[in-house]
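Reproduced below: upload_11.txt, with compact mmCIF, C-alpha atoms.
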# COMPACT_ATOMS: atom_id res chain seq x y z
CA MET H 1 0.00 0.00 0.00
CA ALA H 2 1.27 3.46 -0.89
CA ALA H 3 2.06 5.77 2.00
CA LEU H 4 0.78 8.71 -0.03
CA GLU H 5 -1.21 8.59 -3.24
CA LEU H 6 -2.41 11.44 -5.45
CA ARG H 7 -4.71 11.01 -8.42
CA ARG H 8 -5.71 13.80 -10.78
CA LEU H 9 -4.83 16.44 -8.20
CA ASN H 10 -5.76 19.99 -9.18
CA ALA H 11 -5.15 23.13 -7.13
CA PHE H 12 -6.21 26.72 -7.67
CA TYR H 13 -5.33 30.23 -6.53
CA GLY H 14 -8.54 32.10 -7.24
CA LYS H 15 -9.18 31.47 -10.94
CA ALA H 16 -5.55 30.46 -11.60
CA HIS H 17 -5.24 26.72 -12.23
CA ILE H 18 -1.85 25.94 -10.62
CA LEU H 19 -1.70 22.12 -10.38
CA GLN H 20 -3.21 20.27 -13.31
CA GLY H 21 -4.00 16.60 -12.93
CA VAL H 22 -1.01 15.53 -10.85
CA ASP H 23 -0.54 11.82 -10.10
CA LEU H 24 2.02 10.57 -7.57
CA ALA H 25 2.59 7.50 -5.41
CA LEU H 26 5.03 7.45 -2.51
CA GLU H 27 5.93 4.16 -0.86
CA PRO H 28 6.98 3.67 2.79
CA GLY H 29 10.73 4.16 2.99
CA GLY H 30 10.82 5.90 -0.37
CA VAL H 31 12.27 9.34 -1.04
CA VAL H 32 10.64 11.11 -3.97
CA GLY H 33 12.28 14.30 -5.15
CA VAL H 34 10.28 17.00 -6.93
CA ILE H 35 12.29 19.46 -8.97
CA GLY H 36 11.34 22.25 -11.34
CA ARG H 37 11.85 25.88 -12.14
CA ASN H 38 10.58 28.65 -9.86
CA GLY H 39 6.83 29.03 -10.22
CA ALA H 40 6.29 25.46 -11.41
CA GLY H 41 3.91 24.74 -8.51
CA LYS H 42 6.17 22.77 -6.16
CA THR H 43 5.18 24.54 -2.93
CA THR H 44 1.54 24.54 -4.00
CA LEU H 45 1.78 20.76 -4.35
CA LEU H 46 2.90 20.35 -0.74
CA ARG H 47 0.31 22.83 0.56
CA ALA H 48 -2.44 21.03 -1.33
CA ILE H 49 -1.45 17.68 0.17
CA MET H 50 -1.29 19.18 3.68
CA GLY H 51 -4.74 20.77 3.38
CA LEU H 52 -3.48 24.35 3.34
CA GLN H 53 -4.64 25.21 -0.18
CA ALA H 54 -8.06 26.86 -0.46
CA LYS H 55 -9.33 24.97 -3.50
CA VAL H 56 -8.17 21.45 -4.30
CA GLU H 57 -9.76 18.79 -6.46
CA GLY H 58 -8.82 15.17 -6.99
CA GLU H 59 -8.05 12.14 -4.84
CA LEU H 60 -5.57 12.12 -1.97
CA LYS H 61 -4.95 9.08 0.22
CA LEU H 62 -2.68 8.50 3.21
CA PHE H 63 -2.05 4.77 3.66
CA GLY H 64 -5.29 4.12 1.80
CA ALA H 65 -7.41 6.53 3.87
CA PRO H 66 -8.94 9.48 1.97
CA LEU H 67 -7.74 12.92 3.06
CA ALA H 68 -10.53 14.91 1.41
CA GLY H 69 -12.39 17.05 3.94
CA LEU H 70 -9.72 16.71 6.64
CA ALA H 71 -8.20 19.93 8.01
CA ALA H 72 -4.42 20.28 8.20
CA ASP H 73 -4.29 19.44 11.92
CA ALA H 74 -6.24 16.22 11.36
CA ARG H 75 -3.87 15.27 8.55
CA ALA H 76 -0.96 15.92 10.90
CA ARG H 77 -2.45 13.66 13.56
CA ALA H 78 -2.82 10.96 10.90
CA GLY H 79 0.93 11.02 10.33
CA LEU H 80 1.43 13.62 7.59
CA ALA H 81 3.98 16.37 8.25
CA LEU H 82 5.11 19.42 6.29
CA MET H 83 8.32 21.28 7.02
CA SER H 84 7.74 24.53 5.17
CA GLN H 85 10.16 27.27 4.21
CA ASP H 86 8.57 30.01 6.28
CA MET H 87 7.98 28.43 9.70
CA ARG H 88 10.75 26.35 11.23
CA VAL H 89 10.75 26.80 15.02
CA PHE H 90 9.13 28.65 17.90
CA PRO H 91 11.97 31.14 18.40
CA GLU H 92 11.29 32.05 22.03
CA LEU H 93 11.10 28.44 23.18
CA THR H 94 14.14 26.31 23.90
CA VAL H 95 15.01 23.40 21.65
CA GLU H 96 13.60 21.04 24.27
CA GLU H 97 10.39 23.08 24.56
CA ASN H 98 9.98 23.05 20.79
CA CYS H 99 10.13 19.27 20.82
CA ARG H 100 7.83 18.96 23.83
CA ALA H 101 5.29 21.26 22.18
CA ALA H 102 5.24 18.93 19.18
CA ALA H 103 5.03 15.87 21.43
CA ALA H 104 1.93 17.28 23.13
CA THR H 105 -0.02 17.10 19.86
CA VAL H 106 0.08 13.30 19.53
CA ARG H 107 -0.80 10.33 21.72
CA ASP H 108 2.45 8.42 21.33
CA PRO H 109 5.38 10.77 20.74
CA LEU H 110 8.88 9.50 20.13
CA PRO H 111 10.90 9.76 23.37
CA LEU H 112 13.17 12.77 23.27
CA GLU H 113 16.16 10.58 24.01
CA GLU H 114 15.55 8.79 20.72
CA VAL H 115 15.19 12.09 18.88
CA LEU H 116 18.61 13.09 20.16
CA GLU H 117 20.06 9.77 19.03
CA VAL H 118 19.13 10.77 15.47
CA ILE H 119 20.25 14.40 15.80
CA PRO H 120 22.88 14.39 18.58
CA GLU H 121 24.26 17.80 17.61
CA LEU H 122 21.21 19.36 19.27
CA LYS H 123 22.30 18.16 22.73
CA PRO H 124 24.58 21.16 23.48
CA HIS H 125 21.73 23.52 22.54
CA TRP H 126 18.91 21.63 24.27
CA ARG H 127 18.06 24.48 26.66
CA ARG H 128 18.90 27.40 24.36
CA ALA H 129 16.20 29.50 22.72
CA ALA H 130 15.74 28.08 19.25
CA GLY H 131 15.59 31.55 17.73
CA ARG H 132 19.19 32.16 18.81
CA LEU H 133 20.53 29.23 16.84
CA SER H 134 21.96 29.44 13.33
CA GLY H 135 19.68 28.83 10.37
CA GLY H 136 21.08 25.35 9.92
CA GLN H 137 20.62 24.48 13.58
CA GLN H 138 17.04 25.75 13.47
CA GLN H 139 16.38 23.49 10.51
CA LEU H 140 17.63 20.53 12.55
CA VAL H 141 15.25 21.56 15.35
CA ALA H 142 12.40 21.60 12.83
CA ILE H 143 13.30 18.08 11.72
CA ALA H 144 13.51 16.99 15.38
CA ARG H 145 9.97 18.25 15.97
CA ASN H 146 8.71 16.08 13.12
CA LEU H 147 10.61 13.10 14.48
CA THR H 148 8.93 13.67 17.84
CA VAL H 149 5.43 13.23 16.42
CA ARG H 150 6.40 9.99 14.65
CA CYS H 151 5.33 11.30 11.25
CA ARG H 152 4.83 8.57 8.66
CA VAL H 153 5.07 10.87 5.64
CA LEU H 154 7.38 13.87 5.81
CA MET H 155 7.21 16.62 3.19
CA LEU H 156 10.18 18.98 3.00
CA ASP H 157 10.02 22.33 1.19
CA GLU H 158 13.52 23.59 0.30
CA PRO H 159 15.07 22.31 3.56
CA THR H 160 18.65 23.27 2.61
CA GLU H 161 18.07 26.74 1.18
CA GLY H 162 20.85 29.10 2.29
CA LEU H 163 22.56 26.54 4.52
CA MET H 164 26.24 25.65 4.84
CA PRO H 165 27.40 22.59 2.85
CA SER H 166 28.05 20.65 6.07
CA ILE H 167 24.44 21.14 7.19
CA VAL H 168 23.17 20.23 3.71
CA THR H 169 25.09 16.96 3.96
CA ARG H 170 23.74 16.34 7.45
CA ILE H 171 20.14 16.87 6.37
CA GLY H 172 20.71 14.34 3.59
CA GLU H 173 22.01 11.83 6.12
CA ILE H 174 18.97 12.34 8.36
CA VAL H 175 16.56 11.90 5.44
CA ARG H 176 18.28 8.63 4.54
CA ARG H 177 17.94 7.43 8.14
CA LEU H 178 14.24 8.33 8.17
CA ALA H 179 13.72 6.37 4.97
CA GLU H 180 15.49 3.37 6.49
CA SER H 181 12.94 3.50 9.31
CA GLN H 182 10.14 3.35 6.69
CA VAL H 183 9.18 7.04 6.81
CA ALA H 184 8.13 8.18 3.33
CA VAL H 185 9.72 11.47 2.27
CA LEU H 186 8.53 13.92 -0.38
CA LEU H 187 11.33 16.37 -1.05
CA VAL H 188 11.04 19.69 -2.88
CA GLU H 189 14.57 20.98 -3.28
CA GLN H 190 16.54 23.31 -5.56
CA ASN H 191 19.78 21.52 -4.68
CA VAL H 192 19.80 19.06 -7.58
CA GLU H 193 22.90 17.22 -6.40
CA LEU H 194 21.39 16.49 -2.97
CA THR H 195 18.04 15.52 -4.47
CA PHE H 196 19.64 13.00 -6.82
CA ALA H 197 21.86 11.63 -4.05
CA ILE H 198 19.04 10.74 -1.66
CA SER H 199 15.94 10.20 -3.84
CA THR H 200 14.68 6.84 -5.06
CA ARG H 201 12.59 8.54 -7.75
CA ILE H 202 12.53 12.01 -9.29
CA HIS H 203 9.54 13.93 -10.66
CA ILE H 204 10.01 17.05 -12.78
CA LEU H 205 7.22 19.60 -12.39
CA GLU H 206 6.62 22.20 -15.09
CA LYS H 207 3.68 24.61 -15.22
CA GLY H 208 1.70 22.53 -12.75
CA ARG H 209 2.20 19.17 -14.48
CA PHE H 210 4.63 16.33 -14.03
CA VAL H 211 6.42 16.21 -17.36
CA ALA H 212 8.94 13.48 -16.51
CA GLU H 213 9.66 10.94 -13.80
CA GLY H 214 12.06 8.11 -13.16
CA THR H 215 15.00 6.98 -11.13
CA PRO H 216 17.83 9.50 -10.81
CA GLN H 217 19.83 7.50 -13.38
CA GLU H 218 16.91 7.50 -15.84
CA ILE H 219 16.43 11.25 -15.50
CA VAL H 220 20.12 11.92 -16.15
CA SER H 221 20.59 9.42 -18.97
CA GLY H 222 17.48 10.71 -20.73
CA GLY H 223 18.83 14.27 -20.83
CA LEU H 224 15.76 15.45 -18.94
CA LEU H 225 17.62 17.81 -16.62
CA GLU H 226 18.94 19.80 -19.55
CA ARG H 227 15.60 19.74 -21.36
CA TYR H 228 13.48 20.99 -18.49
CA LEU H 229 15.87 22.77 -16.11
CA GLY H 230 18.72 23.82 -18.38
CA VAL H 231 21.20 21.86 -16.26
CA ASN H 232 24.08 20.57 -18.37
CA ASP H 233 26.19 18.79 -15.76
CA ALA H 234 24.88 15.56 -14.31
CA PRO H 235 24.79 15.42 -10.49
CA HIS H 236 27.77 13.59 -8.99
Just dump the structure as structure tokens.
Amino acid sequence: MAALELRRLNAFYGKAHILQGVDLALEPGGVVGVIGRNGAGKTTLLRAIMGLQAKVEGELKLFGAPLAGLAADARARAGLALMSQDMRVFPELTVEENCRAAAATVRDPLPLEEVLEVIPELKPHWRRAAGRLSGGQQQLVAIARNLTVRCRVLMLDEPTEGLMPSIVTRIGEIVRRLAESQVAVLLVEQNVELTFAISTRIHILEKGRFVAEGTPQEIVSGGLLERYLGVNDAPH
């Protein structure tokens, strides 16, 4: 059974038809990367799945259960999580308080000790205000919060934007570890090299439609990066 399944998904901003008949299936433990030019509809896709888009049509299922009619908080309680670009942490709360606030929203949170086993670099900052941490450290706190709620499907919107290469690498390592624990990951990311390094499949979104999909090797060998993104060099 697919962890997340979309069929003929359409999304609108007013009269503007942004997503146009999108189909996608994400398996437990899979990492699906979505790439495309700015304005292609990538963030709209994640918002539509999370229930944050005003008008959405089509079929969405989480582990076979329909999501239509469920508010974003109900989708979150069902195991769906979105780490967006614009809201990462509660800045006035400590790292620990950020994680405890997330834990309070679910019946069976992951023990904080286990969260720190995955992201041990947060230990020295455990009682520091999250807003005083670097951008990369705050992003790790945001991931920790999603670990705490035992999300089954994690959607990431540009998680490495503006971060140091060492943090980019670390986020890739954490995503791999989540996948190994059977969390399904939907990754929207401008960093093509990272996306190809950690994704099991790639979808290319253009003007609200998926115009190509395949394994990273298939996307590269088919010349699809150059055709749709103007990228000449294959990711290493």
Practice problem: Excluding Asn10 of chain H and any residue of its chain fewer than 5 positions from it, enumerate the residues within 7 Å of it, using all atoms listed in the file, and give them as a list in words. | Solution: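 Residues near the query, excluding close chain neighbours: Leu19, Gln20, Gly21, Val22, Val56, Glu57 and Gly58 of chain H.
The neighbours of Gly135 of chain H here are the residues that come within 9 Å of it, using only C-alpha atoms and leaving out any residue fewer than 4 positions away in the same chain; they are Gly131, Gln139, Leu140, Gly162 and Leu163 of chain H.
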Quiz prompt | Exercise: Leu93 of chain H partners within 12 Å, all atoms listed in the file, chain neighbours under 6 positions left out, as a ChimeraX atom specification | solution = /H:99-102,125-133,138,141
Written selection (C-alpha atoms) as a PDB file, in the frame of the given file:
ATOM      1  CA  CYS H  99      10.130  19.270  20.820  1.00  0.00           C
ATOM      2  CA  ARG H 100       7.830  18.960  23.830  1.00  0.00           C
ATOM      3  CA  ALA H 101       5.290  21.260  22.180  1.00  0.00           C
ATOM      4  CA  ALA H 102       5.240  18.930  19.180  1.00  0.00           C
ATOM      5  CA  HIS H 125      21.730  23.520  22.540  1.00  0.00           C
ATOM      6  CA  TRP H 126      18.910  21.630  24.270  1.00  0.00           C
ATOM      7  CA  ARG H 127      18.060  24.480  26.660  1.00  0.00           C
ATOM      8  CA  ARG H 128      18.900  27.400  24.360  1.00  0.00           C
ATOM      9  CA  ALA H 129      16.200  29.500  22.720  1.00  0.00           C
ATOM     10  CA  ALA H 130      15.740  28.080  19.250  1.00  0.00           C
ATOM     11  CA  GLY H 131      15.590  31.550  17.730  1.00  0.00           C
ATOM     12  CA  ARG H 132      19.190  32.160  18.810  1.00  0.00           C
ATOM     13  CA  LEU H 133      20.530  29.230  16.840  1.00  0.00           C
ATOM     14  CA  GLN H 138      17.040  25.750  13.470  1.00  0.00           C
ATOM     15  CA  VAL H 141      15.250  21.560  15.350  1.00  0.00           C
TER      16      VAL H 141
END
Self-check item: Shell around Gly29 of chain H at 8 Å using all atoms listed in the file, local window under 4 positions removed, as a list in words
Solution: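 Here the answer would be Leu178, Ala179, Glu180, Ser181, Gln182, Val183, Ala184 and Val185 of chain H.
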I'd like the neighbourhood of Glu189 of chain H as a PDB file with C-alpha atoms, in the frame of the given file, where a residue qualifies if any of its atoms comes within 9 Å (using only C-alpha atoms), though same-chain residues fewer than 3 positions away should be ignored.
ATOM      1  CA  GLY H  33      12.280  14.300  -5.150  1.00  0.00           C
ATOM      2  CA  VAL H  34      10.280  17.000  -6.930  1.00  0.00           C
ATOM      3  CA  ILE H  35      12.290  19.460  -8.970  1.00  0.00           C
ATOM      4  CA  GLY H  36      11.340  22.250 -11.340  1.00  0.00           C
ATOM      5  CA  LEU H 156      10.180  18.980   3.000  1.00  0.00           C
ATOM      6  CA  ASP H 157      10.020  22.330   1.190  1.00  0.00           C
ATOM      7  CA  GLU H 158      13.520  23.590   0.300  1.00  0.00           C
ATOM      8  CA  PRO H 159      15.070  22.310   3.560  1.00  0.00           C
ATOM      9  CA  THR H 160      18.650  23.270   2.610  1.00  0.00           C
ATOM     10  CA  GLU H 161      18.070  26.740   1.180  1.00  0.00           C
ATOM     11  CA  VAL H 192      19.800  19.060  -7.580  1.00  0.00           C
ATOM     12  CA  LEU H 194      21.390  16.490  -2.970  1.00  0.00           C
ATOM     13  CA  THR H 195      18.040  15.520  -4.470  1.00  0.00           C
TER      14      THR H 195
END
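Closest approach to Lys55 of chain H among H:Ile219, H:Val175, H:Ile18, H:Ala81 is made by H:Ile18 (distances from all atoms listed in the file).
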Counting only C-alpha atoms, note down every residue that has an atom within 12 Å of the point (25.5, 17.3, 8.9) (file coordinates), as a CSV table (one decimal) with C-alpha atoms, keeping the file's coordinate frame.
chain,number,residue,atom,x,y,z
H,118,VAL,CA,19.1,10.8,15.5
H,119,ILE,CA,20.2,14.4,15.8
H,120,PRO,CA,22.9,14.4,18.6
H,121,GLU,CA,24.3,17.8,17.6
H,122,LEU,CA,21.2,19.4,19.3
H,136,GLY,CA,21.1,25.4,9.9
H,137,GLN,CA,20.6,24.5,13.6
H,139,GLN,CA,16.4,23.5,10.5
H,140,LEU,CA,17.6,20.5,12.6
H,160,THR,CA,18.6,23.3,2.6
H,163,LEU,CA,22.6,26.5,4.5
H,164,MET,CA,26.2,25.6,4.8
H,165,PRO,CA,27.4,22.6,2.8
H,166,SER,CA,28.0,20.6,6.1
H,167,ILE,CA,24.4,21.1,7.2
H,168,VAL,CA,23.2,20.2,3.7
H,169,THR,CA,25.1,17.0,4.0
H,170,ARG,CA,23.7,16.3,7.4
H,171,ILE,CA,20.1,16.9,6.4
H,172,GLY,CA,20.7,14.3,3.6
H,173,GLU,CA,22.0,11.8,6.1
H,174,ILE,CA,19.0,12.3,8.4
H,175,VAL,CA,16.6,11.9,5.4
Exercise. Return the single residue from H:Leu110, H:Leu80, H:Leu45, H:Ala103 that is closest to Phe63 of chain H, with distances computed using only C-alpha atoms.
Key: H:Leu80
Exercise. State, in Å with one decimal place, the distance from atom CA of Asn146 of chain H to atom CA of Ala71 of chain H.
Key: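 One can read the atom CA of Asn146 of chain H to atom CA of Ala71 of chain H distance as 18.1 Å.
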Exercise. For each of H:Val95, H:Ile204, H:Arg177, H:Ala76, take the minimum atom-to-atom distance to Lys123 of chain H, counting all atoms listed in the file, then give the residue where this is smallest.
Key: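 Under the stated criterion, the closest residue is H:Val95.
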Practice problem: Step by step: start from the point (-13.3, 14.9, 3.0) in the file's coordinates, keep every protein, DNA or RNA residue that has an atom no farther than 12 Å from it, count all atoms listed in the file, and write the set as an MDAnalysis selection string. | Solution: chainID H and resid 51 56:61 65:72 74:75
Self-check item: Computed interatomic separation between atom CA of Arg37 of chain H and atom CA of Leu225 of chain H (Å)
Solution: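 One can read the atom CA of Arg37 of chain H to atom CA of Leu225 of chain H distance as 10.9 Å.
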Quiz prompt | One-decimal distance in Å that lies between atom CA of His203 of chain H and atom CA of Leu24 of chain H | solution = 8.8 Å
Quiz item: Out of H:Val115, H:Ala40, H:Met1, H:Leu147, which residue has the shortest atom-to-atom distance to Phe210 of chain H when counting all atoms listed in the file?
Solution: H:Ala40
Quiz item: Nearest to Lys207 of chain H among H:Gly39, H:Gly14, H:Pro28, H:Gly223, with distances taken over all atoms listed in the file: which residue is it?
Solution: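 Closest to Lys207 of chain H of all the choices is H:Gly39.
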Practice problem: Select, from H:Val231, H:Ser199, H:Thr44, H:Glu113, the residue with the minimum atom-to-atom distance to Gln217 of chain H, counting only C-alpha atoms. | Solution: H:Ser199
Exercise on segment 29-40 of chain H, axis-aligned box with 4 Å per side, report centre and edge lengths in Å to one decimal, as JSON:
{"center_x": 9.3, "center_y": 16.6, "center_z": -4.6, "size_x": 14.0, "size_y": 32.9, "size_z": 23.1}
Output requested as a tab-separated table (two decimals), in the coordinates of the input - segment 104-134 of chain H, filled out with N, CA and C atoms.
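Result file is selection.tsv:
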chain	number	residue	atom	x	y	z
H	104	ALA	N	3.24	17.12	22.49
H	104	ALA	CA	1.93	17.28	23.13
H	104	ALA	C	0.77	17.15	22.15
H	105	THR	N	1.05	17.15	20.85
H	105	THR	CA	-0.02	17.10	19.86
H	105	THR	C	-0.40	15.68	19.46
H	106	VAL	N	0.36	14.69	19.92
H	106	VAL	CA	0.08	13.30	19.53
H	106	VAL	C	0.00	12.41	20.76
H	107	ARG	N	-0.61	11.25	20.60
H	107	ARG	CA	-0.80	10.33	21.72
H	107	ARG	C	0.48	9.59	22.10
H	108	ASP	N	1.28	9.27	21.09
H	108	ASP	CA	2.45	8.42	21.33
H	108	ASP	C	3.69	9.05	20.71
H	109	PRO	N	4.20	10.11	21.32
H	109	PRO	CA	5.38	10.77	20.74
H	109	PRO	C	6.63	9.90	20.88
H	110	LEU	N	7.59	10.17	20.03
H	110	LEU	CA	8.88	9.50	20.13
H	110	LEU	C	9.62	10.08	21.34
H	111	PRO	N	10.16	9.23	22.22
H	111	PRO	CA	10.90	9.76	23.37
H	111	PRO	C	12.01	10.70	22.92
H	112	LEU	N	12.19	11.77	23.67
H	112	LEU	CA	13.17	12.77	23.27
H	112	LEU	C	14.58	12.21	23.23
H	113	GLU	N	14.84	11.21	24.05
H	113	GLU	CA	16.16	10.58	24.01
H	113	GLU	C	16.43	9.96	22.64
H	114	GLU	N	15.39	9.40	22.04
H	114	GLU	CA	15.55	8.79	20.72
H	114	GLU	C	15.69	9.85	19.64
H	115	VAL	N	15.02	10.97	19.82
H	115	VAL	CA	15.19	12.09	18.88
H	115	VAL	C	16.64	12.54	18.87
H	116	LEU	N	17.22	12.65	20.05
H	116	LEU	CA	18.61	13.09	20.16
H	116	LEU	C	19.59	12.04	19.65
H	117	GLU	N	19.20	10.79	19.63
H	117	GLU	CA	20.06	9.77	19.03
H	117	GLU	C	20.19	10.00	17.52
H	118	VAL	N	19.12	10.49	16.90
H	118	VAL	CA	19.13	10.77	15.47
H	118	VAL	C	19.86	12.07	15.17
H	119	ILE	N	19.65	13.08	16.02
H	119	ILE	CA	20.25	14.40	15.80
H	119	ILE	C	21.04	14.80	17.05
H	120	PRO	N	22.15	14.14	17.33
H	120	PRO	CA	22.88	14.39	18.58
H	120	PRO	C	23.48	15.77	18.68
H	121	GLU	N	23.66	16.47	17.55
H	121	GLU	CA	24.26	17.80	17.61
H	121	GLU	C	23.35	18.83	18.26
H	122	LEU	N	22.11	18.45	18.55
H	122	LEU	CA	21.21	19.36	19.27
H	122	LEU	C	21.43	19.31	20.78
H	123	LYS	N	22.12	18.29	21.28
H	123	LYS	CA	22.30	18.16	22.73
H	123	LYS	C	22.91	19.40	23.38
H	124	PRO	N	23.98	19.99	22.83
H	124	PRO	CA	24.58	21.16	23.48
H	124	PRO	C	23.66	22.37	23.50
H	125	HIS	N	22.62	22.36	22.66
H	125	HIS	CA	21.73	23.52	22.54
H	125	HIS	C	20.34	23.23	23.13
H	126	TRP	N	20.21	22.14	23.84
H	126	TRP	CA	18.91	21.63	24.27
H	126	TRP	C	18.11	22.67	25.04
H	127	ARG	N	18.80	23.50	25.84
H	127	ARG	CA	18.06	24.48	26.66
H	127	ARG	C	18.31	25.92	26.20
H	128	ARG	N	18.75	26.07	24.98
H	128	ARG	CA	18.90	27.40	24.36
H	128	ARG	C	17.64	27.75	23.59
H	129	ALA	N	17.31	29.05	23.54
H	129	ALA	CA	16.20	29.50	22.72
H	129	ALA	C	16.47	29.16	21.26
H	130	ALA	N	15.52	28.53	20.63
H	130	ALA	CA	15.74	28.08	19.25
H	130	ALA	C	16.01	29.24	18.30
H	131	GLY	N	15.40	30.39	18.59
H	131	GLY	CA	15.59	31.55	17.73
H	131	GLY	C	17.00	32.11	17.76
H	132	ARG	N	17.80	31.69	18.73
H	132	ARG	CA	19.19	32.16	18.81
H	132	ARG	C	20.17	31.24	18.11
H	133	LEU	N	19.67	30.16	17.55
H	133	LEU	CA	20.53	29.23	16.84
H	133	LEU	C	20.73	29.70	15.40
H	134	SER	N	21.73	29.13	14.74
H	134	SER	CA	21.96	29.44	13.33
H	134	SER	C	20.81	28.88	12.50
